[in-house]
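Dropping my_file.txt in here (compact mmCIF, C-alpha atoms):
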```txt
# COMPACT_ATOMS: atom_id res chain seq x y z
CA ALA A 5 3.54 17.81 10.38
CA HIS A 6 6.99 18.93 11.41
CA THR A 7 10.45 18.85 9.88
CA LEU A 8 13.47 17.95 12.01
CA VAL A 9 16.87 19.10 10.76
CA ARG A 10 20.32 18.54 12.16
CA ASP A 11 23.23 19.87 10.11
CA GLY A 12 26.32 17.87 11.05
CA SER A 13 27.00 18.32 14.76
CA GLY A 14 25.03 21.54 14.92
CA GLU A 15 21.85 22.32 16.78
CA VAL A 16 18.67 20.37 16.07
CA ARG A 17 15.89 22.48 14.56
CA VAL A 18 12.20 21.60 14.41
CA ALA A 19 9.79 23.57 12.23
CA LYS A 20 6.10 23.08 11.57
CA HIS A 21 5.46 23.02 7.83
CA TRP A 22 1.95 21.69 7.31
CA THR A 23 -1.43 21.52 9.03
CA LEU A 24 -4.14 19.12 7.95
CA VAL A 25 -7.39 20.88 7.13
CA VAL A 26 -10.41 18.60 7.51
CA GLU A 27 -13.57 19.69 5.70
CA ASP A 28 -16.66 17.80 6.81
CA THR A 29 -18.50 18.03 3.51
CA ASP A 30 -19.80 15.46 1.06
CA SER A 31 -17.98 15.36 -2.26
CA THR A 32 -20.04 15.57 -5.43
CA GLU A 33 -17.25 14.19 -7.60
CA SER A 34 -17.65 10.90 -9.40
CA PHE A 35 -15.50 7.93 -8.45
CA ASP A 36 -13.49 8.25 -11.67
CA ALA A 37 -12.87 11.97 -11.12
CA ALA A 38 -11.77 11.30 -7.56
CA SER A 39 -9.40 8.58 -8.83
CA GLU A 40 -7.77 11.05 -11.21
CA GLU A 41 -7.44 13.61 -8.42
CA LEU A 42 -5.80 10.98 -6.18
CA ARG A 43 -3.40 10.11 -9.01
CA ASP A 44 -2.40 13.76 -9.37
CA LEU A 45 -1.95 14.19 -5.61
CA LEU A 46 0.26 11.11 -5.35
CA GLY A 47 2.30 12.13 -8.37
CA ASN A 48 2.84 15.66 -7.09
CA ALA A 49 3.79 14.34 -3.64
CA MET A 50 6.47 12.07 -5.12
CA VAL A 51 7.83 14.83 -7.36
CA GLU A 52 8.16 17.07 -4.29
CA ARG A 53 9.97 14.33 -2.38
CA ARG A 54 12.35 13.26 -5.13
CA ALA A 55 16.08 13.29 -4.47
CA VAL A 56 17.72 16.57 -5.47
CA SER A 57 20.76 14.64 -6.67
CA GLY A 58 21.22 10.96 -7.33
CA PRO A 59 18.46 8.38 -7.78
CA THR A 60 15.17 8.29 -5.92
CA THR A 61 14.64 4.74 -4.66
CA ILE A 62 11.37 2.90 -4.24
CA TRP A 63 11.07 -0.31 -2.22
CA LEU A 64 9.00 -2.30 -4.67
CA SER A 65 6.91 -5.39 -3.90
CA GLY A 66 4.42 -7.23 -6.09
CA GLY A 67 1.32 -6.13 -4.18
CA TYR A 68 -1.05 -3.23 -4.80
CA ASP A 69 0.61 -0.39 -2.94
CA SER A 70 4.20 0.16 -4.06
CA PRO A 71 3.53 -0.82 -7.72
CA VAL A 72 0.84 1.89 -7.87
CA MET A 73 3.32 4.36 -6.38
CA PHE A 74 5.98 3.16 -8.85
CA GLY A 75 3.73 3.68 -11.88
CA VAL A 76 2.21 6.97 -10.78
CA GLY A 77 5.60 8.29 -9.66
CA ASN A 78 7.39 7.33 -12.87
CA ASP A 79 4.68 8.96 -14.96
CA ALA A 80 4.72 12.17 -12.91
CA LEU A 81 8.52 12.40 -12.84
CA GLU A 82 8.90 11.65 -16.56
CA ARG A 83 6.36 14.29 -17.55
CA ARG A 84 8.42 16.87 -15.66
CA GLY A 85 11.73 15.76 -17.16
CA PHE A 86 13.09 13.99 -14.04
CA ARG A 87 14.62 10.52 -13.89
CA ARG A 88 12.41 7.56 -13.05
CA LEU A 89 12.32 5.78 -9.70
CA SER A 90 15.00 3.16 -8.95
CA PRO A 91 13.39 -0.01 -7.52
CA VAL A 92 14.87 -2.15 -4.74
CA SER A 93 13.09 -5.45 -4.04
CA VAL A 94 13.39 -8.47 -1.74
CA SER A 95 13.73 -11.83 -3.50
CA TYR A 96 12.22 -14.96 -1.94
CA PRO A 97 13.00 -18.53 -3.06
CA PRO A 98 10.59 -20.46 -5.32
CA GLY A 99 7.72 -21.95 -3.34
CA ASP A 100 7.97 -19.40 -0.53
CA PRO A 101 4.57 -17.75 0.14
CA GLY A 102 6.29 -14.35 0.19
CA ARG A 103 7.72 -14.71 -3.32
CA GLU A 104 6.62 -11.98 -5.73
CA ASP A 105 9.74 -11.96 -7.91
CA GLU A 106 7.94 -12.69 -11.17
CA LEU A 107 5.36 -9.96 -10.59
CA ILE A 108 8.09 -7.46 -9.74
CA GLU A 109 10.04 -8.41 -12.88
CA GLU A 110 6.92 -7.89 -14.99
CA ILE A 111 6.21 -4.50 -13.40
CA THR A 112 9.76 -3.22 -13.81
CA ALA A 113 10.02 -4.55 -17.38
CA PHE A 114 7.01 -2.41 -18.31
CA TRP A 115 9.09 0.62 -17.27
CA SER A 116 12.20 -0.73 -19.07
CA THR A 117 14.22 -1.29 -15.91
CA ARG A 118 15.17 -4.03 -13.46
CA PRO A 119 15.16 -3.99 -9.66
CA THR A 120 18.15 -4.17 -7.40
CA TRP A 121 17.55 -7.48 -5.65
CA VAL A 122 18.12 -8.22 -1.97
CA SER A 123 17.86 -11.89 -0.97
CA ILE A 124 15.72 -12.82 2.01
CA ASP A 125 18.43 -15.39 2.83
CA ASP A 126 20.75 -12.49 3.65
CA ILE A 127 18.29 -10.89 6.08
CA PRO A 128 18.49 -12.35 9.61
CA MET A 129 15.34 -12.51 11.69
CA LEU A 130 17.41 -11.48 14.72
CA ALA A 131 20.90 -10.00 14.70
CA ASN A 132 23.14 -9.37 17.71
CA ALA A 133 20.13 -9.87 19.95
CA ARG A 134 22.10 -9.76 23.22
CA GLU A 135 23.89 -6.52 22.32
CA HIS A 136 20.65 -5.01 21.02
CA ALA A 137 18.79 -5.80 24.26
CA ALA A 138 21.57 -4.24 26.32
CA ARG A 139 21.46 -0.84 24.60
CA ALA A 140 17.88 -0.52 23.32
CA ASP A 141 14.99 1.23 25.04
CA ILE A 142 13.01 -1.99 24.69
CA PRO A 143 14.64 -5.43 24.72
CA PHE A 144 12.99 -7.06 21.71
CA GLN A 145 13.80 -6.48 18.07
CA HIS A 146 11.02 -5.45 15.73
CA ALA A 147 10.12 -8.24 13.30
CA PHE A 148 11.04 -6.10 10.29
CA GLU A 149 14.01 -4.25 11.78
CA ASN A 150 16.75 -6.16 9.97
CA TRP A 151 14.60 -6.35 6.84
CA LEU A 152 14.41 -2.55 6.81
CA ARG A 153 18.12 -2.18 7.62
CA THR A 154 18.98 -4.36 4.62
CA LEU A 155 16.77 -2.29 2.31
CA LEU A 156 18.33 0.90 3.66
CA GLY A 157 21.79 -0.52 2.97
CA ALA A 158 20.87 -1.35 -0.63
CA THR A 159 19.41 2.12 -1.03
CA ALA A 160 22.56 3.80 0.29
CA ARG A 161 24.80 1.70 -1.98
CA GLN A 162 22.91 3.12 -4.95
CA GLY A 163 23.87 6.59 -3.83
CA SER A 164 20.24 7.35 -2.99
CA ARG A 165 19.19 9.49 -0.05
CA VAL A 166 15.42 9.13 -0.61
CA ALA A 167 13.43 5.89 -0.40
CA LEU A 168 9.70 5.76 -1.16
CA TYR A 169 7.53 2.81 -0.18
CA GLY A 170 3.92 1.65 -0.16
CA ASP A 171 3.22 1.39 3.57
CA GLY A 172 -0.20 2.84 4.34
CA GLY A 173 -1.51 2.03 0.88
CA ASP A 174 -3.96 -0.54 2.23
CA GLN A 175 -6.33 2.31 3.06
CA LEU A 176 -6.25 3.42 -0.58
CA PHE A 177 -5.76 0.34 -2.74
CA ALA A 178 -6.52 -2.85 -0.80
CA VAL A 179 -10.22 -2.04 -0.68
CA SER A 180 -12.61 -4.33 1.15
CA THR A 181 -15.39 -5.86 -0.92
CA VAL A 182 -17.93 -4.82 1.74
CA PHE A 183 -18.86 -1.71 -0.27
CA LEU A 184 -20.17 -4.03 -3.00
CA ARG A 185 -22.90 -5.00 -0.54
CA ASP A 186 -23.88 -1.34 -0.28
CA LEU A 187 -24.18 -1.12 -4.07
CA PHE A 188 -26.30 -4.29 -4.09
CA SER A 189 -28.53 -3.07 -1.25
CA ASN A 190 -29.13 0.30 -2.95
CA GLY A 191 -29.88 -1.21 -6.36
CA ARG A 192 -26.89 0.42 -8.08
CA TRP A 193 -26.51 -2.47 -10.51
CA ARG A 194 -24.34 -0.77 -13.14
CA GLU A 195 -21.76 0.31 -10.56
CA LEU A 196 -21.92 -3.11 -8.91
CA ARG A 197 -21.18 -4.80 -12.23
CA ARG A 198 -18.23 -2.53 -12.95
CA GLU A 199 -16.71 -2.86 -9.47
CA TRP A 200 -17.30 -6.62 -9.39
CA ARG A 201 -15.33 -6.94 -12.62
CA ALA A 202 -12.57 -4.76 -11.14
CA PHE A 203 -12.27 -7.32 -8.32
CA ASP A 204 -12.01 -10.12 -10.91
CA GLY A 205 -15.34 -11.52 -9.81
CA SER A 206 -15.96 -14.85 -11.49
CA GLY A 207 -19.64 -15.18 -12.20
CA VAL A 208 -23.06 -15.01 -10.62
CA ARG A 209 -22.48 -17.86 -8.17
CA GLU A 210 -19.53 -16.14 -6.51
CA LEU A 211 -21.40 -12.82 -6.50
CA TRP A 212 -24.26 -14.53 -4.66
CA HIS A 213 -21.99 -16.04 -2.01
CA ARG A 214 -19.75 -13.00 -1.44
CA VAL A 215 -22.18 -10.10 -1.85
CA ALA A 216 -25.88 -10.88 -2.22
CA ARG A 217 -26.37 -13.61 0.38
CA PRO A 218 -24.44 -11.83 3.21
CA GLU A 219 -26.37 -8.62 2.57
CA LEU A 220 -29.75 -10.35 2.46
CA ALA A 221 -28.86 -12.23 5.67
CA ALA A 222 -27.98 -8.91 7.33
CA HIS A 223 -31.36 -7.47 6.30
CA VAL A 224 -33.11 -10.48 7.83
CA ARG A 225 -31.18 -10.10 11.09
CA ARG A 226 -32.03 -6.41 11.29
CA ALA A 227 -35.70 -7.14 10.58
CA ARG A 228 -35.70 -9.61 13.48
CA GLY A 229 -34.06 -7.10 15.79
CA ARG A 230 -30.75 -8.93 15.95
CA THR A 231 -27.78 -6.58 16.06
CA THR A 232 -24.99 -9.03 16.87
CA PRO A 233 -22.14 -9.34 14.37
CA GLY A 234 -22.79 -11.74 11.53
CA ILE A 235 -19.26 -13.14 11.68
CA ALA A 236 -18.89 -16.19 13.91
CA LEU A 237 -16.27 -15.87 16.64
CA PRO A 238 -13.43 -18.40 16.79
CA THR A 239 -14.09 -21.30 19.15
CA TRP A 240 -11.15 -20.40 21.36
CA LEU A 241 -12.63 -17.02 22.31
```

Would you mind writing the file out in structure tokens?
Amino acid sequence: AHTLVRDGSGEVRVAKHWTLVVEDTDSTESFDAASEELRDLLGNAMVERRAVSGPTTIWLSGGYDSPVMFGVGNDALERRGFRRLSPVSVSYPPGDPGREDELIEEITAFWSTRPTWVSIDDIPMLANAREHAARADIPFQHAFENWLRTLLGATARQGSRVALYGDGGDQLFAVSTVFLRDLFSNGRWRELRREWRAFDGSGVRELWHRVARPELAAHVRRARGRTTPGIALPTWL
């Protein structure tokens, strides 16, 4: 990882500040211990990246990722005597599939704050498309470009120079249920029960359809020497 710095109109400087060290070893830690370690790592990372002056903003949705960052970050900052994160959120109208306003309000209320709202109605899908195409390296506008510009504007108006967000959290928090099949196949019933409850599993029937039956079907296919994917391809392929 590198840091790029330009001070005013001065010369641009690039400095390497971190190298990822990959250790190909199996961890002996329990899942719970690893969760606590991840919590500490995330908290420390956000403390290191906090704004030196002014608020530290977080772009808060109602999903898994940014709310986890919001909670872990607030806890880590508060324990060190720093101010909590300042949330900025996009509001969608009632009935819109993207609306998470109520979840966001509930999350922020827990931390005794309210988000700075930005309305989706004020975010154009395309803006100045002709002028953009004339000056840009590529002619099309990214689908989230104006969405991000609007969030950046709200962040700047708060006097904040640091914005945290949850992008990339899918790899940590939006976990596939496929690992439940591994627990079932290996007879780890206690762990399976705990993790199934964590996914809000609703009874034995759903467990059979989502976990047990697909895994048993995969065993049958392997026993018959079939290695093709078990998921049917769409008819248009």

### Task
Write out as a PyMOL selection string which residues come within 6 Å of segment 44-58 of chain A when counting all atoms listed in the file, dropping same-chain ones fewer than 2 positions away.
chain A and resi 41-42+60+76-77+80+164+166

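Atom pair atom CA of Thr159 of chain A / atom CA of Trp121 of chain A has a distance of 10.8 Å (rounded to one decimal).
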
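We find atom CA of Gly205 of chain A and atom CA of Asp105 of chain A to be spaced 25.2 Å apart.
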
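When all atoms listed in the file are used to compute distances to Thr154 of chain A, the closest of the residues A:Asp126, A:Glu82, A:Asp186, A:Asp100 turns out to be A:Asp126.
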
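The shell of residues at most 12 Å from Pro218 of chain A, with all atoms listed in the file counted and near chain neighbours (fewer than 4 positions) removed, consists of Thr181, Val182, Leu184, Arg185, Asp186, Phe188, Ser189, Glu210, Leu211, Trp212, His213, Arg214, Ala222, His223, Val224, Arg225, Pro233, Gly234 and Ile235 of chain A.
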
### Contacts of Thr112 of chain A within 12 Å, all atoms listed in the file, excl. fewer than 2 positions in-chain, as number ranges by chain
A: 62, 64-66, 70-72, 74-75, 78, 88-93, 105-110, 114-120

### Query
Of the residues A:Val16, A:Leu241, A:Met73, A:Leu8, which is the one nearest to Gly173 of chain A, using all atoms listed in the file?
A:Met73
